[in-house]
2 protein chains.
Amino acid sequence: MTREDAWIVTIGDELLRGEILDSNKAFLSERLLRLDLETARHVSVPDDATAIEEVLRDAAARARVVLISGGLGPTRDDITTEVAARAFGRRLLRDPVVLDGIRKFFQSLGREMAENNAKQADFPEDAEVLPNPLGTAPGFMLKAEDALLFFTPGVPRELQRMTDEEILPRIQSRLGRGQVVRAALLRTFGLGESTLDNELRDLAQNEPGVALGFRTQFPDNLVRVVARASSQQEAQQKLRETLVKIHARLGDLVLGEGERPLEQIVGELLREKQLTLAVAESCTGGLLAHRITDVPGSSEYLIQAVVAYANESKLRELGVSPQDLEAHGAVSEPVARQMAEGVRGRAGADLGIATTGVAGPGGGSDEKPVGTLYLALADTQGTRVQRYQLMRERERNKLLASQLALDWIRRRVLGLELGEQSFPRLGAAPGRRR
Amino acid sequence: MTREDAWIVTIGDELLRGEILDSNKAFLSERLLRLDLETARHVSVPDDATAIEEVLRDAAARARVVLISGGLGPTRDDITTEVAARAFGRRLLRDPVVLDGIRKFFQSLGREMAENNAKQADFPEDAEVLPNPLGTAPGFMLKAEDALLFFTPGVPRELQRMTDEEILPRIQSRLGRGQVVRAALLRTFGLGESTLDNELRDLAQNEPGVALGFRTQFPDNLVRVVARASSQQEAQQKLRETLVKIHARLGDLVLGEGERPLEQIVGELLREKQLTLAVAESCTGGLLAHRITDVPGSSEYLIQAVVAYANESKLRELGVSPQDLEAHGAVSEPVARQMAEGVRGRAGADLGIATTGVAGPGGGSDEKPVGTLYLALADTQGTRVQRYQLMRERERNKLLASQLALDWIRRRVLGLELGEQSFPRLGAAPGRRR
């Protein structure tokens, strides 16, 4: 049987009791794809020696790379290291340098190391220690039955850093197939996953060594680009060329490279251009402000947000005209316009953005069904308002409306067109391209 | 070998590429625990016939219950049903009633059924069809090698409903061990998981047939109570008695029964008492309003929220005194008090709640380190202000501060004491009890 690329094994009673959501497996599989390695199996087992030993043996017999996380802590339940040693017939050796490091870590906190922490310095014979800069439990790499096994703690922060800094480079250098791999991630907003796939597929088909992958992070879609070649330089060049082509096709639907969310991209733009922002929310109900303030340092550009949920609040706090509110309703072009202009004026901000709509499930009508949204942006150039028809679910409507609002700010700051860009719908991705 | 209680198998290329986070496994394991069944293994495999067949056979040979999800859709990739039939030597039969139902579903949308949807009416011989009220793919139950296998679509909404309505009752009636199981969930806020465990452990130890489980949903902790007995009535009584004891010990730290989040509990209380609310946020940055407005119908009680991020916004929008702001700083007792009173007065609301603090990572000082929070609640009885010391992470600080604010509203509406209740810290749960 040919070996499978990779297995991922996570260990811990809490996983099998459904007490925590295991996000490590998705993270690790995505990272492996960047090295062009497919995960053949995810397995989770409890803190049970027999179960752990069985799955480690299976994995080592069948996969080229095995990533194992969990069970490296100091408690009696944490038995992964000793079981791994037994499974592959190794002795367990205490590493004096690691032990000293753990002792010093506790000293730095003004505490004595507990005796049970000492076992975190035990490793199977011939294992290579993988440093853990964020915790007391180092990981280790073991070669057994022609497989490379990497053991890490289950804490996502620690696991993620160790994967990027210690594990992926080792896999790359040992399993390189004589090839170098380079990867990048593009965040896009405005096209559905299947449309993206259709639009870009030929780029990978016509270019040997280039692979594309797609991941939805509602309402965004992420495009992963992987380039393989025989040298670093060549792989890098292939990657760059593909990215240039994707940018040319998708244009301003690409929000940025890497994992940074839109609120961070917008924050960086506002900071760079030294622009201030005021927000008036109705249907997004505070979510827009919440996302903006999730970015550290957002107090530099956000002056204030007003969630004017009641009609009288729109009149009093934002200066909406009672006649327009009466004649057109709260979900309307003039009210959206006046909300944006009102909050901008009161706050003395450079930009004023406003949302008003029917989030659902109640409140819809034939004329303004659930999902109706008016978005308005006011600045020195005037005010732009646009009506959108979103979806049926309250939470998704709030999220999508906040995303459109942030995207409008991005577009305005960058001098791009706004108001007509398409946006993802449930299961379909209509509309305008470039 | 004695059989393990349960295995959970999820199927789909997207899982093994890390494109989506697989939340089904945690959900299913938690649900099985309510029937006192422990999950021995989680396995995920791609849409590959060999891999699926192998894992189905393994699972059926080793577990009493196997829950399988994914691969029941209409596309060519969806092969779970045919592989299951082959794995256990069954023919594949088309169910005319199900086929008719699918056809009618499409008619109701004004569309013709595509031919590939017909295969969703195929089932292994002797399978029992499990209705899916939310989608076109029904599930099915198969008995093979003394195991009960349940197949469902991978769409969480559909899977969850089918699990509760179709699968759990069947497991209960077939694996009852002559016993009936009743379960409940309590949402608590204010004690850490290990403290909860210490407080309640003896309830399960001293009562045969009662088991407790804990799950963290930051910043809440959920307590699962499972009661087993030989009759429905006895199990129900055992469950109720245990719940009464837990309520007596934890008192007002129990937010409610079931999955309802605190914002929904608070919304129901405000509605019931016909009270209106106004919100003034600084450090929570809109999250408090966002959580309140996540509840459908929240416009009935939320009048407005003001996110006064800049100092001048606190003066202008909330009537904070410039002298106090200057003398005490934005994160202070008088400013919190004036924010709550200001927003309540302007909105003409029954309750005014305010948050001001240092969310981090910047902005901390010796006197007011990152995590400092002032919470204020104003109503007809006056204004209450309290200082808290939260943690170091921005996102968790925002979330915990919004939770404390919602809990204050709950307490005030219920006539409970506020201001001194404890709250979870990272890894420790200090403080006051009852």
# chains A, B, ... in the order shown; residues from 1 in each chain; ligands from 1
$ residues_around --residues "Asp36 (chain B)" --least-positions-apart "5" --cutoff "10 Å" --atoms "only C-alpha atoms" --output "list in words"
Asp5, Glu30, Arg31, Gln172, Val181, Arg182, Ala183, Gly209, Val210, Ala211, Val226, Ala227 and Arg228 of chain B
$ write_last_selection --atoms "N, CA and C atoms" --output "mmCIF file, in the first residue's frame"
data_model
loop_
_atom_site.group_PDB
_atom_site.id
_atom_site.type_symbol
_atom_site.label_atom_id
_atom_site.label_comp_id
_atom_site.auth_asym_id
_atom_site.auth_seq_id
_atom_site.Cartn_x
_atom_site.Cartn_y
_atom_site.Cartn_z
ATOM 1 N N ASP B 5 -18.893 2.235 23.758
ATOM 2 C CA ASP B 5 -20.230 2.819 23.663
ATOM 3 C C ASP B 5 -20.517 3.366 22.268
ATOM 4 N N GLU B 30 -21.654 15.364 23.039
ATOM 5 C CA GLU B 30 -22.355 15.939 24.182
ATOM 6 C C GLU B 30 -23.753 15.322 24.306
ATOM 7 N N ARG B 31 -24.422 15.167 23.170
ATOM 8 C CA ARG B 31 -25.758 14.584 23.198
ATOM 9 C C ARG B 31 -25.729 13.122 23.675
ATOM 10 N N GLN B 172 -32.198 5.447 22.833
ATOM 11 C CA GLN B 172 -32.777 5.308 24.173
ATOM 12 C C GLN B 172 -33.648 4.059 24.270
ATOM 13 N N VAL B 181 -33.174 7.445 30.829
ATOM 14 C CA VAL B 181 -32.252 8.522 31.137
ATOM 15 C C VAL B 181 -32.948 9.861 30.930
ATOM 16 N N ARG B 182 -32.784 10.768 31.853
ATOM 17 C CA ARG B 182 -33.278 12.140 31.708
ATOM 18 C C ARG B 182 -32.107 13.090 31.946
ATOM 19 N N ALA B 183 -32.052 14.173 31.170
ATOM 20 C CA ALA B 183 -30.917 15.077 31.291
ATOM 21 C C ALA B 183 -31.369 16.529 31.232
ATOM 22 N N GLY B 209 -26.818 6.702 39.909
ATOM 23 C CA GLY B 209 -27.609 7.001 38.722
ATOM 24 C C GLY B 209 -27.595 8.461 38.328
ATOM 25 N N VAL B 210 -26.927 9.309 39.127
ATOM 26 C CA VAL B 210 -26.826 10.720 38.749
ATOM 27 C C VAL B 210 -25.392 11.016 38.338
ATOM 28 N N ALA B 211 -25.230 11.653 37.186
ATOM 29 C CA ALA B 211 -23.895 12.031 36.728
ATOM 30 C C ALA B 211 -23.887 13.507 36.356
ATOM 31 N N VAL B 226 -27.313 14.330 34.361
ATOM 32 C CA VAL B 226 -27.914 13.144 33.758
ATOM 33 C C VAL B 226 -28.415 12.242 34.885
ATOM 34 N N ALA B 227 -29.674 11.819 34.790
ATOM 35 C CA ALA B 227 -30.237 10.935 35.807
ATOM 36 C C ALA B 227 -30.738 9.659 35.151
ATOM 37 N N ARG B 228 -30.319 8.519 35.684
ATOM 38 C CA ARG B 228 -30.759 7.218 35.169
ATOM 39 C C ARG B 228 -31.614 6.510 36.211
#
$ residues_around --residues "region 397-408 of chain A" --least-positions-apart "5" --cutoff "8 Å" --atoms "only C-alpha atoms" --output "PyMOL selection string"
chain A and resi 219+262-263+266+283-285+287-288+353-355+359+371+373+375+377+390-392+418-419
$ residues_around --residues "Glu312 (chain B)" --least-positions-apart "3" --cutoff "9 Å" --atoms "only C-alpha atoms" --output "PyMOL selection string"
(chain A and resi 303+347) or (chain B and resi 308-309+315-317+322)
$ interface_residues --of "chain A" --to "chain B" --cutoff "6 Å" --atoms "only C-alpha atoms" --output "PDB file with N, CA and C atoms, in the first residue's frame"
ATOM      1  N   LEU A  16     -13.667  14.083  23.398  1.00  0.00           N
ATOM      2  CA  LEU A  16     -14.627  12.998  23.217  1.00  0.00           C
ATOM      3  C   LEU A  16     -15.886  13.203  24.048  1.00  0.00           C
ATOM      4  N   ARG A  17     -15.849  14.176  24.953  1.00  0.00           N
ATOM      5  CA  ARG A  17     -17.062  14.511  25.682  1.00  0.00           C
ATOM      6  C   ARG A  17     -17.755  15.728  25.080  1.00  0.00           C
ATOM      7  N   GLY A  18     -17.160  16.252  23.989  1.00  0.00           N
ATOM      8  CA  GLY A  18     -17.779  17.403  23.332  1.00  0.00           C
ATOM      9  C   GLY A  18     -17.688  18.667  24.167  1.00  0.00           C
ATOM     10  N   GLU A  19     -16.729  18.708  25.109  1.00  0.00           N
ATOM     11  CA  GLU A  19     -16.650  19.878  25.980  1.00  0.00           C
ATOM     12  C   GLU A  19     -15.960  21.042  25.299  1.00  0.00           C
ATOM     13  N   LEU A  21     -14.576  22.485  21.286  1.00  0.00           N
ATOM     14  CA  LEU A  21     -14.581  22.325  19.848  1.00  0.00           C
ATOM     15  C   LEU A  21     -13.118  22.182  19.426  1.00  0.00           C
ATOM     16  N   ALA A  26      -8.560  21.341  11.875  1.00  0.00           N
ATOM     17  CA  ALA A  26      -8.746  22.158  10.670  1.00  0.00           C
ATOM     18  C   ALA A  26      -7.499  23.015  10.429  1.00  0.00           C
ATOM     19  N   SER A  29      -4.635  20.714   9.080  1.00  0.00           N
ATOM     20  CA  SER A  29      -4.861  20.250   7.711  1.00  0.00           C
ATOM     21  C   SER A  29      -4.619  21.372   6.715  1.00  0.00           C
ATOM     22  N   GLU A  30      -5.062  22.580   7.065  1.00  0.00           N
ATOM     23  CA  GLU A  30      -4.865  23.710   6.175  1.00  0.00           C
ATOM     24  C   GLU A  30      -3.373  24.006   6.012  1.00  0.00           C
ATOM     25  N   THR A  39      -4.432  15.523   4.078  1.00  0.00           N
ATOM     26  CA  THR A  39      -4.712  14.757   5.283  1.00  0.00           C
ATOM     27  C   THR A  39      -5.671  13.613   4.949  1.00  0.00           C
ATOM     28  N   ARG A  41      -6.738  11.312   7.269  1.00  0.00           N
ATOM     29  CA  ARG A  41      -7.604  10.959   8.385  1.00  0.00           C
ATOM     30  C   ARG A  41      -7.395  11.866   9.589  1.00  0.00           C
ATOM     31  N   HIS A  42      -8.492  12.224  10.215  1.00  0.00           N
ATOM     32  CA  HIS A  42      -8.487  12.863  11.530  1.00  0.00           C
ATOM     33  C   HIS A  42      -8.985  11.834  12.529  1.00  0.00           C
ATOM     34  N   VAL A  43      -8.257  11.657  13.618  1.00  0.00           N
ATOM     35  CA  VAL A  43      -8.724  10.743  14.654  1.00  0.00           C
ATOM     36  C   VAL A  43      -8.577  11.412  16.017  1.00  0.00           C
ATOM     37  N   SER A  44      -9.587  11.290  16.851  1.00  0.00           N
ATOM     38  CA  SER A  44      -9.463  11.749  18.234  1.00  0.00           C
ATOM     39  C   SER A  44      -9.724  10.591  19.171  1.00  0.00           C
ATOM     40  N   VAL A  45      -8.874  10.469  20.185  1.00  0.00           N
ATOM     41  CA  VAL A  45      -9.051   9.412  21.182  1.00  0.00           C
ATOM     42  C   VAL A  45      -8.934  10.025  22.583  1.00  0.00           C
ATOM     43  N   ARG A 215     -11.675  28.431   0.925  1.00  0.00           N
ATOM     44  CA  ARG A 215     -12.241  28.233   2.250  1.00  0.00           C
ATOM     45  C   ARG A 215     -13.200  29.377   2.548  1.00  0.00           C
ATOM     46  N   GLY A 285     -27.079  46.842  14.826  1.00  0.00           N
ATOM     47  CA  GLY A 285     -27.295  46.769  16.277  1.00  0.00           C
ATOM     48  C   GLY A 285     -26.058  46.792  17.160  1.00  0.00           C
ATOM     49  N   GLY A 286     -24.971  47.407  16.710  1.00  0.00           N
ATOM     50  CA  GLY A 286     -23.755  47.463  17.515  1.00  0.00           C
ATOM     51  C   GLY A 286     -22.641  46.585  16.987  1.00  0.00           C
ATOM     52  N   LEU A 287     -22.991  45.665  16.086  1.00  0.00           N
ATOM     53  CA  LEU A 287     -21.968  44.750  15.567  1.00  0.00           C
ATOM     54  C   LEU A 287     -20.881  45.487  14.783  1.00  0.00           C
ATOM     55  N   ALA A 289     -19.770  48.588  15.238  1.00  0.00           N
ATOM     56  CA  ALA A 289     -18.865  49.199  16.216  1.00  0.00           C
ATOM     57  C   ALA A 289     -18.025  48.128  16.914  1.00  0.00           C
ATOM     58  N   HIS A 290     -18.656  47.025  17.254  1.00  0.00           N
ATOM     59  CA  HIS A 290     -17.942  45.940  17.937  1.00  0.00           C
ATOM     60  C   HIS A 290     -16.771  45.448  17.086  1.00  0.00           C
ATOM     61  N   THR A 293     -14.014  48.049  17.011  1.00  0.00           N
ATOM     62  CA  THR A 293     -13.275  48.174  18.271  1.00  0.00           C
ATOM     63  C   THR A 293     -12.590  46.876  18.690  1.00  0.00           C
ATOM     64  N   ILE A 303     -14.548  57.773  16.612  1.00  0.00           N
ATOM     65  CA  ILE A 303     -14.955  58.770  17.599  1.00  0.00           C
ATOM     66  C   ILE A 303     -16.148  58.266  18.392  1.00  0.00           C
ATOM     67  N   GLN A 304     -17.184  57.838  17.689  1.00  0.00           N
ATOM     68  CA  GLN A 304     -18.346  57.306  18.395  1.00  0.00           C
ATOM     69  C   GLN A 304     -19.228  56.517  17.455  1.00  0.00           C
ATOM     70  N   ALA A 305     -20.065  55.686  18.062  1.00  0.00           N
ATOM     71  CA  ALA A 305     -21.087  54.971  17.314  1.00  0.00           C
ATOM     72  C   ALA A 305     -22.398  55.140  18.062  1.00  0.00           C
ATOM     73  N   VAL A 306     -23.469  55.294  17.321  1.00  0.00           N
ATOM     74  CA  VAL A 306     -24.788  55.394  17.929  1.00  0.00           C
ATOM     75  C   VAL A 306     -25.645  54.265  17.375  1.00  0.00           C
ATOM     76  N   VAL A 307     -26.139  53.417  18.271  1.00  0.00           N
ATOM     77  CA  VAL A 307     -27.081  52.383  17.862  1.00  0.00           C
ATOM     78  C   VAL A 307     -28.469  52.951  18.128  1.00  0.00           C
ATOM     79  N   ALA A 308     -29.062  53.499  17.073  1.00  0.00           N
ATOM     80  CA  ALA A 308     -30.355  54.177  17.226  1.00  0.00           C
ATOM     81  C   ALA A 308     -31.445  53.179  16.888  1.00  0.00           C
ATOM     82  N   TYR A 309     -31.810  52.379  17.887  1.00  0.00           N
ATOM     83  CA  TYR A 309     -32.703  51.255  17.608  1.00  0.00           C
ATOM     84  C   TYR A 309     -34.156  51.731  17.535  1.00  0.00           C
ATOM     85  N   ALA A 310     -34.539  52.633  18.429  1.00  0.00           N
ATOM     86  CA  ALA A 310     -35.918  53.151  18.398  1.00  0.00           C
ATOM     87  C   ALA A 310     -35.987  54.329  17.435  1.00  0.00           C
TER      88      ALA A 310
END
$ atom_distance --atom1 "CA of Thr195 (chain A)" --atom2 "CA of Ala248 (chain A)"
15.9 Å
$ residues_around --residues "Ala229 (chain B)" --least-positions-apart "3" --cutoff "8 Å" --atoms "only C-alpha atoms" --output "short mmCIF file (atom, residue, chain, number, x, y, z; two decimals) with C-alpha atoms, in the first residue's frame"
data_model
loop_
_atom_site.label_atom_id
_atom_site.label_comp_id
_atom_site.auth_asym_id
_atom_site.auth_seq_id
_atom_site.Cartn_x
_atom_site.Cartn_y
_atom_site.Cartn_z
CA GLN B 179 -33.01 2.10 32.17
CA VAL B 180 -34.47 5.47 31.33
CA VAL B 181 -32.25 8.52 31.14
CA GLY B 209 -27.61 7.00 38.72
CA GLN B 232 -39.44 7.52 33.44
CA GLU B 234 -38.14 7.85 38.77
CA ALA B 235 -35.54 9.30 36.40
CA LYS B 238 -34.08 12.08 40.40
#
$ select_by_dssp --residues "region 59-119 of chain A" --states "strand (DSSP E or B)" --output "list in words"
Ala63, Arg64, Val65, Val66, Leu67, Ile68, Ser69, Leu92, Leu93 and Arg94 of chain A
$ select_by_dssp --residues "region 241-290 of chain A" --states "alpha helix (DSSP H)" --output "PDB file with C-alpha atoms, in the first residue's frame"
ATOM      1  CA  GLU A 241       2.940  35.443 -10.894  1.00  0.00           C
ATOM      2  CA  THR A 242      -0.201  33.582  -9.872  1.00  0.00           C
ATOM      3  CA  LEU A 243      -1.066  36.200  -7.279  1.00  0.00           C
ATOM      4  CA  VAL A 244      -0.681  38.940  -9.888  1.00  0.00           C
ATOM      5  CA  LYS A 245      -3.061  37.080 -12.204  1.00  0.00           C
ATOM      6  CA  ILE A 246      -5.616  36.586  -9.449  1.00  0.00           C
ATOM      7  CA  HIS A 247      -5.437  40.247  -8.478  1.00  0.00           C
ATOM      8  CA  ALA A 248      -5.940  41.181 -12.131  1.00  0.00           C
ATOM      9  CA  ARG A 249      -9.053  39.009 -12.391  1.00  0.00           C
ATOM     10  CA  LEU A 250     -10.658  39.765  -9.058  1.00  0.00           C
ATOM     11  CA  LEU A 262     -11.552  43.355   7.111  1.00  0.00           C
ATOM     12  CA  GLU A 263     -11.898  45.455  10.277  1.00  0.00           C
ATOM     13  CA  GLN A 264      -8.126  45.349  10.689  1.00  0.00           C
ATOM     14  CA  ILE A 265      -7.493  46.224   7.047  1.00  0.00           C
ATOM     15  CA  VAL A 266      -9.912  49.158   7.378  1.00  0.00           C
ATOM     16  CA  GLY A 267      -8.262  50.235  10.624  1.00  0.00           C
ATOM     17  CA  GLU A 268      -4.841  50.293   9.012  1.00  0.00           C
ATOM     18  CA  LEU A 269      -6.175  52.375   6.117  1.00  0.00           C
ATOM     19  CA  LEU A 270      -7.870  54.919   8.371  1.00  0.00           C
ATOM     20  CA  ARG A 271      -4.762  55.244  10.493  1.00  0.00           C
ATOM     21  CA  GLU A 272      -2.507  55.636   7.521  1.00  0.00           C
ATOM     22  CA  LYS A 273      -4.685  58.366   5.986  1.00  0.00           C
ATOM     23  CA  LEU A 287     -21.968  44.750  15.567  1.00  0.00           C
ATOM     24  CA  LEU A 288     -20.283  47.256  13.257  1.00  0.00           C
ATOM     25  CA  ALA A 289     -18.865  49.199  16.216  1.00  0.00           C
ATOM     26  CA  HIS A 290     -17.942  45.940  17.937  1.00  0.00           C
TER      27      HIS A 290
END
